[in-house]
Amino acid sequence: MKTIAIVNTAAGSTGASSPGRLRQALAALGERDAEVVSLDLENPAEHLSQLASRRPDPFIVWGGDGTHRTALNAIGRAPSPLVLLPGGTRNLLTRSLHGNYRWDIVLRDILASSQIHSIP
C-alpha cells in the first residue's frame with residue numbers, strides 16, 4: 001500500500017507551499033514514495049472519497065477542523081489508518097488527540113508509534 005497525503009492549502013496555517021513541505025517531511029521520515037496532493041476545494045468530499053477508495057496506508061489529511069470533519073464524513077469507517085494533522089486556526093480535534101503540537105511533530109510521532117486512536 002501507499003501513503004497518500006492531502007493538504008488543504010486554504011486552511012488557516014498551511015498555505016501554497018504546504019504540499020512541498022509535507023513531501024519533504026515524509027521523505028525525511030522514510031516515506032519517499034508518498035503521493036501528496038492539494039485538496040480540491042470545489043468538491044472536497046468527493047475528492048477525499050476518491051482518494052480513500054484507493055486504500056492508502058496511511059491516509060494523511062492536513063487541514064483544520066472543517067477539513068477533518070469533511071474527511072471523517074466522506075471517508076467514514078475506511079479500512080485505512082487516517083492521520084489528521086493540524087493546519088487550521090484552532091485545531092480543536094487534533095489538539096484533543098495529540099496535544100498542542102505543530103503538524104510536523106504530530107506527523108513524526110504518529111509515524112513512529114504503533115498506537116491507534118479510535119474516534120467514535
# chains A, B, ... in the order shown; residues from 1 in each chain; ligands from 1
>>> select_by_dssp(residues="segment 12-83 of chain A", states="alpha helix (DSSP H)", output="VMD selection string")
chain A and resid 18 to 28 44 to 52 65 to 75
>>> write_last_selection(atoms="N, CA and C atoms", output="CSV table (one decimal), in the first residue's frame")
chain,number,residue,atom,x,y,z
A,18,SER,N,2.7,24.3,1.4
A,18,SER,CA,2.5,23.1,2.3
A,18,SER,C,2.6,21.8,1.7
A,19,PRO,N,2.1,21.5,0.4
A,19,PRO,CA,2.4,20.2,-0.1
A,19,PRO,C,3.9,19.9,-0.2
A,20,GLY,N,4.7,20.8,-0.6
A,20,GLY,CA,6.1,20.6,-0.7
A,20,GLY,C,6.7,20.3,0.6
A,21,ARG,N,6.3,21.1,1.6
A,21,ARG,CA,6.8,20.9,3.0
A,21,ARG,C,6.4,19.5,3.5
A,22,LEU,N,5.2,19.1,3.3
A,22,LEU,CA,4.8,17.8,3.7
A,22,LEU,C,5.5,16.7,3.0
A,23,ARG,N,5.7,16.8,1.7
A,23,ARG,CA,6.5,15.9,0.9
A,23,ARG,C,7.9,15.7,1.5
A,24,GLN,N,8.6,16.8,1.8
A,24,GLN,CA,9.9,16.8,2.4
A,24,GLN,C,9.9,16.1,3.8
A,25,ALA,N,8.9,16.4,4.6
A,25,ALA,CA,8.8,15.8,5.9
A,25,ALA,C,8.6,14.3,5.9
A,26,LEU,N,7.7,13.9,4.9
A,26,LEU,CA,7.5,12.5,4.8
A,26,LEU,C,8.8,11.8,4.3
A,27,ALA,N,9.5,12.4,3.3
A,27,ALA,CA,10.7,11.8,2.8
A,27,ALA,C,11.7,11.6,4.0
A,28,ALA,N,11.8,12.6,4.8
A,28,ALA,CA,12.8,12.6,5.9
A,28,ALA,C,12.4,11.5,6.9
A,44,PRO,N,-14.6,19.0,-2.1
A,44,PRO,CA,-13.6,18.3,-1.2
A,44,PRO,C,-14.1,16.9,-0.7
A,45,ALA,N,-15.4,16.7,-0.5
A,45,ALA,CA,-15.9,15.4,0.0
A,45,ALA,C,-15.7,14.3,-1.1
A,46,GLU,N,-16.0,14.7,-2.3
A,46,GLU,CA,-15.8,13.7,-3.4
A,46,GLU,C,-14.3,13.4,-3.6
A,47,HIS,N,-13.5,14.4,-3.5
A,47,HIS,CA,-12.1,14.2,-3.7
A,47,HIS,C,-11.5,13.3,-2.6
A,48,LEU,N,-11.9,13.5,-1.4
A,48,LEU,CA,-11.4,12.7,-0.3
A,48,LEU,C,-11.9,11.3,-0.4
A,49,SER,N,-13.2,11.1,-0.8
A,49,SER,CA,-13.7,9.8,-1.0
A,49,SER,C,-13.0,9.0,-2.1
A,50,GLN,N,-12.7,9.7,-3.2
A,50,GLN,CA,-12.0,9.0,-4.3
A,50,GLN,C,-10.6,8.5,-3.8
A,51,LEU,N,-9.9,9.4,-3.1
A,51,LEU,CA,-8.5,9.0,-2.7
A,51,LEU,C,-8.6,7.9,-1.6
A,52,ALA,N,-9.6,8.0,-0.7
A,52,ALA,CA,-9.7,6.9,0.3
A,52,ALA,C,-10.1,5.6,-0.3
A,65,ASP,N,-10.2,22.0,11.4
A,65,ASP,CA,-11.3,21.2,11.9
A,65,ASP,C,-12.3,21.0,10.8
A,66,GLY,N,-12.6,22.0,10.0
A,66,GLY,CA,-13.6,21.8,8.9
A,66,GLY,C,-13.1,20.7,7.9
A,67,THR,N,-11.8,20.7,7.5
A,67,THR,CA,-11.2,19.7,6.6
A,67,THR,C,-11.3,18.4,7.3
A,68,HIS,N,-11.0,18.3,8.5
A,68,HIS,CA,-11.0,17.0,9.2
A,68,HIS,C,-12.4,16.5,9.3
A,69,ARG,N,-13.4,17.3,9.6
A,69,ARG,CA,-14.8,16.9,9.6
A,69,ARG,C,-15.2,16.4,8.3
A,70,THR,N,-14.9,17.1,7.2
A,70,THR,CA,-15.2,16.7,5.9
A,70,THR,C,-14.6,15.3,5.6
A,71,ALA,N,-13.3,15.1,6.0
A,71,ALA,CA,-12.7,13.9,5.7
A,71,ALA,C,-13.3,12.7,6.5
A,72,LEU,N,-13.6,12.9,7.7
A,72,LEU,CA,-14.3,11.9,8.5
A,72,LEU,C,-15.7,11.5,8.0
A,73,ASN,N,-16.4,12.5,7.5
A,73,ASN,CA,-17.7,12.3,7.0
A,73,ASN,C,-17.6,11.6,5.6
A,74,ALA,N,-16.7,12.0,4.8
A,74,ALA,CA,-16.5,11.4,3.4
A,74,ALA,C,-15.9,10.0,3.5
A,75,ILE,N,-15.0,9.8,4.4
A,75,ILE,CA,-14.3,8.5,4.4
A,75,ILE,C,-15.1,7.5,5.3
>>> residues_around(residues="Pro79 of chain A", least_positions_apart="4", cutoff="10 Å", atoms="only C-alpha atoms", output="PyMOL selection string")
chain A and resi 52-53+55-58+75
>>> write_last_selection(atoms="C-alpha atoms", output="compact mmCIF listing (two decimals), in the first residue's frame")
# COMPACT_ATOMS: atom_id res chain seq x y z
CA ALA A 52 -9.74 6.94 0.29
CA SER A 53 -11.16 4.32 -2.09
CA ARG A 55 -7.00 2.33 0.48
CA PRO A 56 -3.82 4.24 1.26
CA ASP A 57 -1.69 3.23 4.20
CA PRO A 58 -1.80 5.69 5.85
CA ILE A 75 -14.33 8.51 4.42
>>> residues_around(residues="segment 96-98 of chain A", least_positions_apart="4", cutoff="8 Å", atoms="only C-alpha atoms", output="list in words")
Leu92, Val106 and His117 of chain A
>>> write_last_selection(atoms="N, CA, C and O atoms", output="PDB file, in the first residue's frame")
ATOM      1  N   LEU A  92      -9.074  22.087  17.024  1.00  0.00           N
ATOM      2  CA  LEU A  92      -9.651  21.503  18.233  1.00  0.00           C
ATOM      3  C   LEU A  92      -9.545  19.981  18.260  1.00  0.00           C
ATOM      4  O   LEU A  92      -9.207  19.395  19.292  1.00  0.00           O
ATOM      5  N   VAL A 106       3.523  16.209  15.174  1.00  0.00           N
ATOM      6  CA  VAL A 106       2.443  15.220  15.215  1.00  0.00           C
ATOM      7  C   VAL A 106       2.713  14.112  14.198  1.00  0.00           C
ATOM      8  O   VAL A 106       2.609  12.929  14.508  1.00  0.00           O
ATOM      9  N   HIS A 117      -5.653   5.713  17.752  1.00  0.00           N
ATOM     10  CA  HIS A 117      -6.781   6.347  18.443  1.00  0.00           C
ATOM     11  C   HIS A 117      -8.040   6.061  17.639  1.00  0.00           C
ATOM     12  O   HIS A 117      -8.047   6.227  16.425  1.00  0.00           O
TER      13      HIS A 117
END
>>> residues_around(residues="Val61 of chain A", least_positions_apart="3", cutoff="9 Å", atoms="only C-alpha atoms", output="ChimeraX atom specification")
/A:4-8,67-68,71,82-86
>>> closest_residue(among="A:Leu107, A:Ser118, A:Arg90, A:Ala10", to="Glu42 of chain A", atoms="only C-alpha atoms")
A:Ala10
>>> atom_distance(atom1="atom CA of Arg32 of chain A", atom2="atom CA of Phe59 of chain A")
14.7 Å
>>> atom_distance(atom1="atom CA of Ala34 of chain A", atom2="atom CA of Pro81 of chain A")
14.4 Å
>>> select_by_dssp(residues="chain A", states="strand (DSSP E or B)", output="PyMOL selection string")
chain A and resi 4-7+35-38+59-63+82-86
>>> closest_residue(among="A:Ala16, A:Thr3, A:Glu31, A:Gly76", to="Arg108 of chain A", atoms="only C-alpha atoms")
A:Glu31
>>> closest_residue(among="A:Ala11, A:Leu93, A:Ile60, A:Leu111", to="Leu41 of chain A", atoms="only C-alpha atoms")
A:Ala11
>>> decode(residues="segment 14-64 of chain A", atoms="N, CA and C atoms", output="PDB file, in the first residue's frame")
ATOM      1  N   THR A  14      -1.731  26.607   6.707  1.00  0.00           N
ATOM      2  CA  THR A  14      -0.993  25.803   5.736  1.00  0.00           C
ATOM      3  C   THR A  14      -0.383  26.704   4.672  1.00  0.00           C
ATOM      4  N   GLY A  15      -1.054  26.927   3.575  1.00  0.00           N
ATOM      5  CA  GLY A  15      -0.546  27.799   2.512  1.00  0.00           C
ATOM      6  C   GLY A  15      -0.083  27.032   1.294  1.00  0.00           C
ATOM      7  N   ALA A  16       0.266  27.778   0.266  1.00  0.00           N
ATOM      8  CA  ALA A  16       0.614  27.198  -1.033  1.00  0.00           C
ATOM      9  C   ALA A  16       1.842  26.292  -0.979  1.00  0.00           C
ATOM     10  N   SER A  17       2.764  26.549  -0.075  1.00  0.00           N
ATOM     11  CA  SER A  17       3.985  25.742  -0.007  1.00  0.00           C
ATOM     12  C   SER A  17       3.819  24.462   0.815  1.00  0.00           C
ATOM     13  N   SER A  18       2.662  24.271   1.426  1.00  0.00           N
ATOM     14  CA  SER A  18       2.493  23.135   2.340  1.00  0.00           C
ATOM     15  C   SER A  18       2.607  21.759   1.679  1.00  0.00           C
ATOM     16  N   PRO A  19       2.142  21.527   0.444  1.00  0.00           N
ATOM     17  CA  PRO A  19       2.375  20.197  -0.138  1.00  0.00           C
ATOM     18  C   PRO A  19       3.860  19.850  -0.245  1.00  0.00           C
ATOM     19  N   GLY A  20       4.677  20.802  -0.641  1.00  0.00           N
ATOM     20  CA  GLY A  20       6.114  20.565  -0.727  1.00  0.00           C
ATOM     21  C   GLY A  20       6.743  20.321   0.634  1.00  0.00           C
ATOM     22  N   ARG A  21       6.304  21.088   1.631  1.00  0.00           N
ATOM     23  CA  ARG A  21       6.835  20.893   2.987  1.00  0.00           C
ATOM     24  C   ARG A  21       6.448  19.527   3.530  1.00  0.00           C
ATOM     25  N   LEU A  22       5.214  19.102   3.256  1.00  0.00           N
ATOM     26  CA  LEU A  22       4.777  17.788   3.717  1.00  0.00           C
ATOM     27  C   LEU A  22       5.538  16.686   3.000  1.00  0.00           C
ATOM     28  N   ARG A  23       5.744  16.839   1.709  1.00  0.00           N
ATOM     29  CA  ARG A  23       6.504  15.851   0.931  1.00  0.00           C
ATOM     30  C   ARG A  23       7.913  15.703   1.516  1.00  0.00           C
ATOM     31  N   GLN A  24       8.552  16.816   1.838  1.00  0.00           N
ATOM     32  CA  GLN A  24       9.903  16.777   2.423  1.00  0.00           C
ATOM     33  C   GLN A  24       9.896  16.109   3.796  1.00  0.00           C
ATOM     34  N   ALA A  25       8.907  16.437   4.611  1.00  0.00           N
ATOM     35  CA  ALA A  25       8.828  15.842   5.944  1.00  0.00           C
ATOM     36  C   ALA A  25       8.607  14.337   5.853  1.00  0.00           C
ATOM     37  N   LEU A  26       7.745  13.913   4.946  1.00  0.00           N
ATOM     38  CA  LEU A  26       7.506  12.479   4.774  1.00  0.00           C
ATOM     39  C   LEU A  26       8.756  11.760   4.283  1.00  0.00           C
ATOM     40  N   ALA A  27       9.464  12.357   3.338  1.00  0.00           N
ATOM     41  CA  ALA A  27      10.698  11.753   2.830  1.00  0.00           C
ATOM     42  C   ALA A  27      11.721  11.611   3.952  1.00  0.00           C
ATOM     43  N   ALA A  28      11.827  12.616   4.800  1.00  0.00           N
ATOM     44  CA  ALA A  28      12.774  12.568   5.918  1.00  0.00           C
ATOM     45  C   ALA A  28      12.410  11.464   6.912  1.00  0.00           C
ATOM     46  N   LEU A  29      11.123  11.088   6.943  1.00  0.00           N
ATOM     47  CA  LEU A  29      10.658  10.038   7.843  1.00  0.00           C
ATOM     48  C   LEU A  29      10.609   8.664   7.159  1.00  0.00           C
ATOM     49  N   GLY A  30      11.151   8.593   5.935  1.00  0.00           N
ATOM     50  CA  GLY A  30      11.228   7.316   5.234  1.00  0.00           C
ATOM     51  C   GLY A  30      10.089   7.048   4.273  1.00  0.00           C
ATOM     52  N   GLU A  31       9.157   7.960   4.145  1.00  0.00           N
ATOM     53  CA  GLU A  31       8.015   7.805   3.235  1.00  0.00           C
ATOM     54  C   GLU A  31       8.328   8.520   1.924  1.00  0.00           C
ATOM     55  N   ARG A  32       9.281   8.009   1.171  1.00  0.00           N
ATOM     56  CA  ARG A  32       9.756   8.687  -0.035  1.00  0.00           C
ATOM     57  C   ARG A  32       8.812   8.601  -1.233  1.00  0.00           C
ATOM     58  N   ASP A  33       7.946   7.609  -1.245  1.00  0.00           N
ATOM     59  CA  ASP A  33       7.038   7.434  -2.373  1.00  0.00           C
ATOM     60  C   ASP A  33       5.632   7.946  -2.096  1.00  0.00           C
ATOM     61  N   ALA A  34       5.475   8.737  -1.065  1.00  0.00           N
ATOM     62  CA  ALA A  34       4.146   9.239  -0.714  1.00  0.00           C
ATOM     63  C   ALA A  34       3.601  10.140  -1.821  1.00  0.00           C
ATOM     64  N   GLU A  35       2.321  10.012  -2.060  1.00  0.00           N
ATOM     65  CA  GLU A  35       1.628  10.883  -3.011  1.00  0.00           C
ATOM     66  C   GLU A  35       1.024  12.026  -2.209  1.00  0.00           C
ATOM     67  N   VAL A  36       1.435  13.249  -2.500  1.00  0.00           N
ATOM     68  CA  VAL A  36       0.942  14.428  -1.787  1.00  0.00           C
ATOM     69  C   VAL A  36       0.179  15.291  -2.772  1.00  0.00           C
ATOM     70  N   VAL A  37      -1.083  15.576  -2.461  1.00  0.00           N
ATOM     71  CA  VAL A  37      -1.929  16.364  -3.351  1.00  0.00           C
ATOM     72  C   VAL A  37      -2.648  17.459  -2.580  1.00  0.00           C
ATOM     73  N   SER A  38      -3.028  18.509  -3.293  1.00  0.00           N
ATOM     74  CA  SER A  38      -3.831  19.581  -2.711  1.00  0.00           C
ATOM     75  C   SER A  38      -5.301  19.203  -2.807  1.00  0.00           C
ATOM     76  N   LEU A  39      -6.043  19.529  -1.774  1.00  0.00           N
ATOM     77  CA  LEU A  39      -7.474  19.242  -1.723  1.00  0.00           C
ATOM     78  C   LEU A  39      -8.213  20.036  -2.785  1.00  0.00           C
ATOM     79  N   ASP A  40      -9.107  19.382  -3.504  1.00  0.00           N
ATOM     80  CA  ASP A  40      -9.973  20.050  -4.465  1.00  0.00           C
ATOM     81  C   ASP A  40     -11.020  20.825  -3.671  1.00  0.00           C
ATOM     82  N   LEU A  41     -10.872  22.131  -3.620  1.00  0.00           N
ATOM     83  CA  LEU A  41     -11.753  22.963  -2.804  1.00  0.00           C
ATOM     84  C   LEU A  41     -13.140  23.123  -3.408  1.00  0.00           C
ATOM     85  N   GLU A  42     -13.300  22.758  -4.680  1.00  0.00           N
ATOM     86  CA  GLU A  42     -14.615  22.819  -5.320  1.00  0.00           C
ATOM     87  C   GLU A  42     -15.505  21.662  -4.868  1.00  0.00           C
ATOM     88  N   ASN A  43     -14.909  20.500  -4.638  1.00  0.00           N
ATOM     89  CA  ASN A  43     -15.662  19.329  -4.226  1.00  0.00           C
ATOM     90  C   ASN A  43     -14.812  18.476  -3.287  1.00  0.00           C
ATOM     91  N   PRO A  44     -14.557  18.974  -2.082  1.00  0.00           N
ATOM     92  CA  PRO A  44     -13.634  18.278  -1.182  1.00  0.00           C
ATOM     93  C   PRO A  44     -14.110  16.893  -0.743  1.00  0.00           C
ATOM     94  N   ALA A  45     -15.390  16.723  -0.482  1.00  0.00           N
ATOM     95  CA  ALA A  45     -15.876  15.420  -0.012  1.00  0.00           C
ATOM     96  C   ALA A  45     -15.677  14.344  -1.072  1.00  0.00           C
ATOM     97  N   GLU A  46     -15.994  14.655  -2.315  1.00  0.00           N
ATOM     98  CA  GLU A  46     -15.814  13.676  -3.391  1.00  0.00           C
ATOM     99  C   GLU A  46     -14.334  13.369  -3.597  1.00  0.00           C
ATOM    100  N   HIS A  47     -13.497  14.400  -3.547  1.00  0.00           N
ATOM    101  CA  HIS A  47     -12.056  14.209  -3.717  1.00  0.00           C
ATOM    102  C   HIS A  47     -11.513  13.289  -2.626  1.00  0.00           C
ATOM    103  N   LEU A  48     -11.890  13.541  -1.385  1.00  0.00           N
ATOM    104  CA  LEU A  48     -11.436  12.715  -0.273  1.00  0.00           C
ATOM    105  C   LEU A  48     -11.934  11.270  -0.414  1.00  0.00           C
ATOM    106  N   SER A  49     -13.189  11.109  -0.824  1.00  0.00           N
ATOM    107  CA  SER A  49     -13.738   9.763  -1.010  1.00  0.00           C
ATOM    108  C   SER A  49     -12.995   8.997  -2.095  1.00  0.00           C
ATOM    109  N   GLN A  50     -12.697   9.666  -3.195  1.00  0.00           N
ATOM    110  CA  GLN A  50     -11.974   9.011  -4.292  1.00  0.00           C
ATOM    111  C   GLN A  50     -10.591   8.549  -3.843  1.00  0.00           C
ATOM    112  N   LEU A  51      -9.882   9.412  -3.130  1.00  0.00           N
ATOM    113  CA  LEU A  51      -8.549   9.032  -2.659  1.00  0.00           C
ATOM    114  C   LEU A  51      -8.618   7.908  -1.633  1.00  0.00           C
ATOM    115  N   ALA A  52      -9.594   7.983  -0.735  1.00  0.00           N
ATOM    116  CA  ALA A  52      -9.739   6.944   0.290  1.00  0.00           C
ATOM    117  C   ALA A  52     -10.085   5.600  -0.313  1.00  0.00           C
ATOM    118  N   SER A  53     -10.788   5.590  -1.451  1.00  0.00           N
ATOM    119  CA  SER A  53     -11.163   4.323  -2.088  1.00  0.00           C
ATOM    120  C   SER A  53      -9.941   3.556  -2.581  1.00  0.00           C
ATOM    121  N   ARG A  54      -8.806   4.232  -2.694  1.00  0.00           N
ATOM    122  CA  ARG A  54      -7.566   3.566  -3.099  1.00  0.00           C
ATOM    123  C   ARG A  54      -6.884   2.863  -1.927  1.00  0.00           C
ATOM    124  N   ARG A  55      -7.468   2.985  -0.749  1.00  0.00           N
ATOM    125  CA  ARG A  55      -6.996   2.335   0.479  1.00  0.00           C
ATOM    126  C   ARG A  55      -5.524   2.631   0.790  1.00  0.00           C
ATOM    127  N   PRO A  56      -5.206   3.902   0.927  1.00  0.00           N
ATOM    128  CA  PRO A  56      -3.819   4.245   1.256  1.00  0.00           C
ATOM    129  C   PRO A  56      -3.451   3.766   2.661  1.00  0.00           C
ATOM    130  N   ASP A  57      -2.175   3.669   2.897  1.00  0.00           N
ATOM    131  CA  ASP A  57      -1.688   3.230   4.204  1.00  0.00           C
ATOM    132  C   ASP A  57      -0.440   4.026   4.560  1.00  0.00           C
ATOM    133  N   PRO A  58      -0.584   5.086   5.315  1.00  0.00           N
ATOM    134  CA  PRO A  58      -1.796   5.694   5.848  1.00  0.00           C
ATOM    135  C   PRO A  58      -2.367   6.748   4.899  1.00  0.00           C
ATOM    136  N   PHE A  59      -3.527   7.278   5.289  1.00  0.00           N
ATOM    137  CA  PHE A  59      -4.166   8.385   4.581  1.00  0.00           C
ATOM    138  C   PHE A  59      -4.014   9.600   5.483  1.00  0.00           C
ATOM    139  N   ILE A  60      -3.250  10.574   5.029  1.00  0.00           N
ATOM    140  CA  ILE A  60      -2.934  11.754   5.832  1.00  0.00           C
ATOM    141  C   ILE A  60      -3.764  12.932   5.333  1.00  0.00           C
ATOM    142  N   VAL A  61      -4.403  13.633   6.264  1.00  0.00           N
ATOM    143  CA  VAL A  61      -5.192  14.816   5.932  1.00  0.00           C
ATOM    144  C   VAL A  61      -4.670  15.974   6.772  1.00  0.00           C
ATOM    145  N   TRP A  62      -4.129  16.989   6.074  1.00  0.00           N
ATOM    146  CA  TRP A  62      -3.570  18.160   6.750  1.00  0.00           C
ATOM    147  C   TRP A  62      -4.482  19.339   6.477  1.00  0.00           C
ATOM    148  N   GLY A  63      -5.112  19.816   7.520  1.00  0.00           N
ATOM    149  CA  GLY A  63      -6.024  20.945   7.400  1.00  0.00           C
ATOM    150  C   GLY A  63      -6.577  21.295   8.767  1.00  0.00           C
ATOM    151  N   GLY A  64      -7.625  22.081   8.767  1.00  0.00           N
ATOM    152  CA  GLY A  64      -8.249  22.497  10.018  1.00  0.00           C
ATOM    153  C   GLY A  64      -9.412  21.602  10.397  1.00  0.00           C
TER     154      GLY A  64
END
